[in-house]
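Since the structure comes first, as structure tokens, the remarks are kept for the end.
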Amino acid sequence: MRGSFSLQGVIVPLVTPFDDQNQIDFPAFRQVVDFVVGKGVHAVMIGGTTGEGMLLSLDERKVLVEAAVQQVNSRIPVIAHTGCIDTRSTVELSRHAGQAGANIVSVIVPYFFTLSDEQLYTHFLTVAEAIPTTPLLLYVFPGNTKNDISPALLDRLLRAAPNIVGIKSSNDDLVKFQDYIHTGGEGFTACLGVDELMLGGLAFGSHAQISGNANSFPEPFIQLFEAFRAGDIHRAQQLQQVVNSIVRIHRAGRTTAFFKATLQLRGVPGGRVRPPMCELSPVELEEVKSESMQSGLV
């Protein structure tokens, strides 16, 4: 499956808008989908970190994937993030995602408990074997999960499960990222989730940038990717600086409320965040608006 799998470009892990009753705002979600697809992003991810997936119930995550598949309507690939703290729930969501029409399943490393490589191996292999015909993208975010995937563990998993097609690394360790690429070999899809290192990741062999910041401002990310592919490194360097300014406006994504606020500035209803996350203060909102305008992004 790895040899025939293709995924590249700018992938947006979509925000999940909530209404005043703390329920998923599906009309707003559909507008977010159409906004990023209309801007030319290459794929979307549903229920990930930016989508507050860990704050959703299993049923909510299922319905959200179904809504995304319906709204995208085969225009671009849909990646369903199905990772949970436990294996059984991850398998349940992964099977549902495939049945619902998601093109790819992404699974984050289990979190909270400290797990050995053997435990992680068993977890990921169990999930992969439960969805043998669905491409699976591993997802590492050691800053949030406490656990990580070593290159040696990645090698074991790739040998055991042919439907593990790649990895998303939300880790600023570009040395380890190179190790992932080397370990994966031909046909392996390496994706980076640290936007300040997008150009560096592409230079080392990244296939795609998975960016929460691109919910609101996808254009510079797409332009950077296209400039790199065209060999215009000077232009790509300039666009990396634009991307860095977006990261600063969003305060490095410490809460998805920043992404939702800038979506609102662009006329797209980002909705509210789900507690225990908090909305931005009036001062923060004014700062985000002012900085976005000064940067020429709005």
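If you're wondering about the labels, chains in the structure tokens are A, B, ... by order shown, residues count from 1 in each chain, ligands from 1 in order shown.
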Within 9 Å of stretch 247-254 of chain A using only C-alpha atoms, minus same-chain residues under 6 positions, as a PyMOL selection string: chain A and resi 50+195-196+212-213+262+287-289+291-292
Backbone-only DSSP, strand (DSSP E) members of stretch 131-162 of chain A, as number ranges by chain: A: 136-140
Could you write out that same residue set with C-alpha atoms as a PDB file, in the first residue's frame?
```pdb
ATOM      1  CA  LEU A 136      -2.822   4.795   8.373  1.00  0.00           C
ATOM      2  CA  LEU A 137      -0.771   7.878   9.200  1.00  0.00           C
ATOM      3  CA  LEU A 138       1.031   7.761  12.541  1.00  0.00           C
ATOM      4  CA  TYR A 139       0.967  10.993  14.562  1.00  0.00           C
ATOM      5  CA  VAL A 140       3.631  11.991  17.080  1.00  0.00           C
TER       6      VAL A 140
END
```
Nearby residues (only C-alpha atoms) at most 8 Å from A:His81, same-chain spacing under 2 positions excluded, as a list in words: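 Skipping anything fewer than 2 positions along the chain leaves Met45, Ile46, Gly47, Gly48, Gly53, Ile79, Gly83, Val105, Ser106, Val107 and Ile108 of chain A.
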Residue with smallest distance to A:Glu226 - pool A:Pro275, A:Ala128, A:Gln8, A:Ala261, counting only C-alpha atoms: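 Comparing A:Pro275, A:Ala128, A:Gln8, A:Ala261 against A:Glu226, the winner is A:Gln8.
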Contact table stretch 186-273 of chain A vs stretch 156-162 of chain A, cut-off 12 Å, shortest pair per residue, only C-alpha atoms, as a Markdown table:
```
| residue | atom | partner | partner_atom | distance |
| --- | --- | --- | --- | --- |
| A:Glu186 | CA | A:Leu158 | CA | 11.8 |
| A:Gly187 | CA | A:Pro162 | CA | 11.0 |
| A:Phe188 | CA | A:Leu158 | CA | 9.4 |
| A:Thr189 | CA | A:Leu158 | CA | 11.8 |
```
Counting only C-alpha atoms, the residue of A:Asp148, A:Asp179, A:Glu279, A:Asp34 that sits nearest A:Phe259: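 Residue with the minimum atom-to-atom distance to A:Phe259: A:Glu279.
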Nearest-residue call for A:Ile11, choices A:Val109, A:Val37, A:Val72, A:Leu115, using only C-alpha atoms: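 Using only C-alpha atoms, the shortest distance to A:Ile11 belongs to A:Val37.
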Atom-to-atom span, atom CA of A:Pro132 and atom CA of A:Ala102, Å: 14.0 Å
Atom CA of A:Ser295 to atom CA of A:Gln240, straight-line distance in Å: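 If I compute the distance from atom CA of A:Gln240 to atom CA of A:Ser295, I get 13.6 Å.
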Nearest-residue call for A:Thr256, choices A:Pro151, A:Gly231, A:Pro142, A:Gly271, using only C-alpha atoms: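 The answer is A:Gly271, which sits nearest to A:Thr256.
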Selection: 9 Å around A:Gly201, only C-alpha atoms, excl. self and same-chain fewer than 4 positions, as a VMD selection string: chain A and resid 174 177 to 178 191 to 192 194 197 205 to 209
Given the selection you just returned, output its residues as a file containing C-alpha atoms, formatted as a PDB file, in the first residue's frame.
```pdb
ATOM      1  CA  LEU A 174      14.554  17.897  12.467  1.00  0.00           C
ATOM      2  CA  PHE A 177      12.465  13.871  11.271  1.00  0.00           C
ATOM      3  CA  GLN A 178      15.303  12.966   8.907  1.00  0.00           C
ATOM      4  CA  CYS A 191       4.540  15.160   7.137  1.00  0.00           C
ATOM      5  CA  LEU A 192       5.641  17.991   9.402  1.00  0.00           C
ATOM      6  CA  VAL A 194       5.814  22.591  13.033  1.00  0.00           C
ATOM      7  CA  LEU A 197      10.189  24.710  10.126  1.00  0.00           C
ATOM      8  CA  GLY A 205      12.035  15.459   2.311  1.00  0.00           C
ATOM      9  CA  SER A 206       8.696  16.360   3.898  1.00  0.00           C
ATOM     10  CA  HIS A 207       5.755  15.560   1.637  1.00  0.00           C
ATOM     11  CA  ALA A 208       3.210  17.767   3.387  1.00  0.00           C
ATOM     12  CA  GLN A 209       2.766  20.459   6.003  1.00  0.00           C
TER      13      GLN A 209
END
```
Per-residue DSSP, stretch 46-292 of chain A, filtered to alpha helix (DSSP H), as a VMD selection string: chain A and resid 58 to 72 87 to 100 117 to 130 142 to 145 151 to 160 174 to 184 198 to 204 218 to 229 233 to 249 257 to 265 282 to 292
Residues within 8 Å of A:Lys62, only C-alpha atoms, excluding chain neighbours under 5 positions, as a ChimeraX atom specification: /A:93,96-97
Test item: residues at most 10 Å from A:Arg30, only C-alpha atoms, excluding those fewer than 6 positions along its chain, as a list in words: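 Selected residues are Thr16, Pro17, Ala67, Ala68, Gln70, Gln71, Val72 and Pro269 of chain A.
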Selected residues written out with N, CA and C atoms, as a compact mmCIF listing (two decimals), in the first residue's frame:
```txt
# COMPACT_ATOMS: atom_id res chain seq x y z
N THR A 16 -13.01 22.80 15.00
CA THR A 16 -14.38 22.36 15.22
C THR A 16 -15.15 23.50 15.88
N PRO A 17 -16.02 24.19 15.17
CA PRO A 17 -16.78 25.28 15.79
C PRO A 17 -17.84 24.75 16.76
N ALA A 67 -19.85 14.32 8.52
CA ALA A 67 -20.18 15.64 7.97
C ALA A 67 -19.06 16.15 7.05
N ALA A 68 -17.82 15.89 7.44
CA ALA A 68 -16.69 16.34 6.63
C ALA A 68 -16.66 15.62 5.28
N GLN A 70 -19.09 14.27 3.70
CA GLN A 70 -20.21 14.75 2.89
C GLN A 70 -19.92 16.12 2.30
N GLN A 71 -19.36 17.04 3.12
CA GLN A 71 -19.14 18.40 2.64
C GLN A 71 -17.98 18.49 1.66
N VAL A 72 -16.92 17.75 1.92
CA VAL A 72 -15.78 17.76 0.99
C VAL A 72 -16.19 17.18 -0.36
N PRO A 269 -17.26 31.74 10.04
CA PRO A 269 -17.64 31.52 11.43
C PRO A 269 -16.83 30.38 12.07
```
Nearby residues (only C-alpha atoms) at most 8 Å from A:Val44, same-chain spacing under 2 positions excluded, as a list in words: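 Listed by chain and then number, they are Ile11, Val12, Pro13, Leu14, Val41, His42, Ile46, Ile76, Pro77, Val78 and Ile79 of chain A.
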Dump N, CA and C atoms for the selected residues as a short mmCIF file (atom, residue, chain, number, x, y, z; two decimals), in the first residue's frame?
```
data_model
loop_
_atom_site.label_atom_id
_atom_site.label_comp_id
_atom_site.auth_asym_id
_atom_site.auth_seq_id
_atom_site.Cartn_x
_atom_site.Cartn_y
_atom_site.Cartn_z
N ILE A 11 -1.97 20.46 4.30
CA ILE A 11 -3.11 19.77 4.91
C ILE A 11 -3.57 20.58 6.11
N VAL A 12 -4.87 20.85 6.18
CA VAL A 12 -5.40 21.65 7.28
C VAL A 12 -6.15 20.76 8.27
N PRO A 13 -5.66 20.69 9.50
CA PRO A 13 -6.44 20.03 10.55
C PRO A 13 -7.53 21.01 11.01
N LEU A 14 -8.73 20.78 10.59
CA LEU A 14 -9.80 21.76 10.72
C LEU A 14 -10.19 22.02 12.17
N VAL A 41 -6.29 24.11 -0.55
CA VAL A 41 -5.49 23.18 0.27
C VAL A 41 -5.61 21.78 -0.31
N HIS A 42 -4.66 20.93 0.04
CA HIS A 42 -4.55 19.63 -0.62
C HIS A 42 -5.27 18.50 0.10
N ILE A 46 -9.67 15.79 10.23
CA ILE A 46 -10.82 16.03 11.09
C ILE A 46 -10.55 15.46 12.49
N ILE A 76 -11.08 16.76 -2.23
CA ILE A 76 -9.72 16.51 -1.75
C ILE A 76 -9.80 15.36 -0.74
N PRO A 77 -8.66 14.76 -0.38
CA PRO A 77 -8.70 13.68 0.61
C PRO A 77 -9.12 14.18 1.99
N VAL A 78 -9.83 13.30 2.70
CA VAL A 78 -10.22 13.55 4.08
C VAL A 78 -9.44 12.59 4.98
N ILE A 79 -8.72 13.16 5.95
CA ILE A 79 -7.99 12.37 6.94
C ILE A 79 -8.78 12.43 8.23
#
```
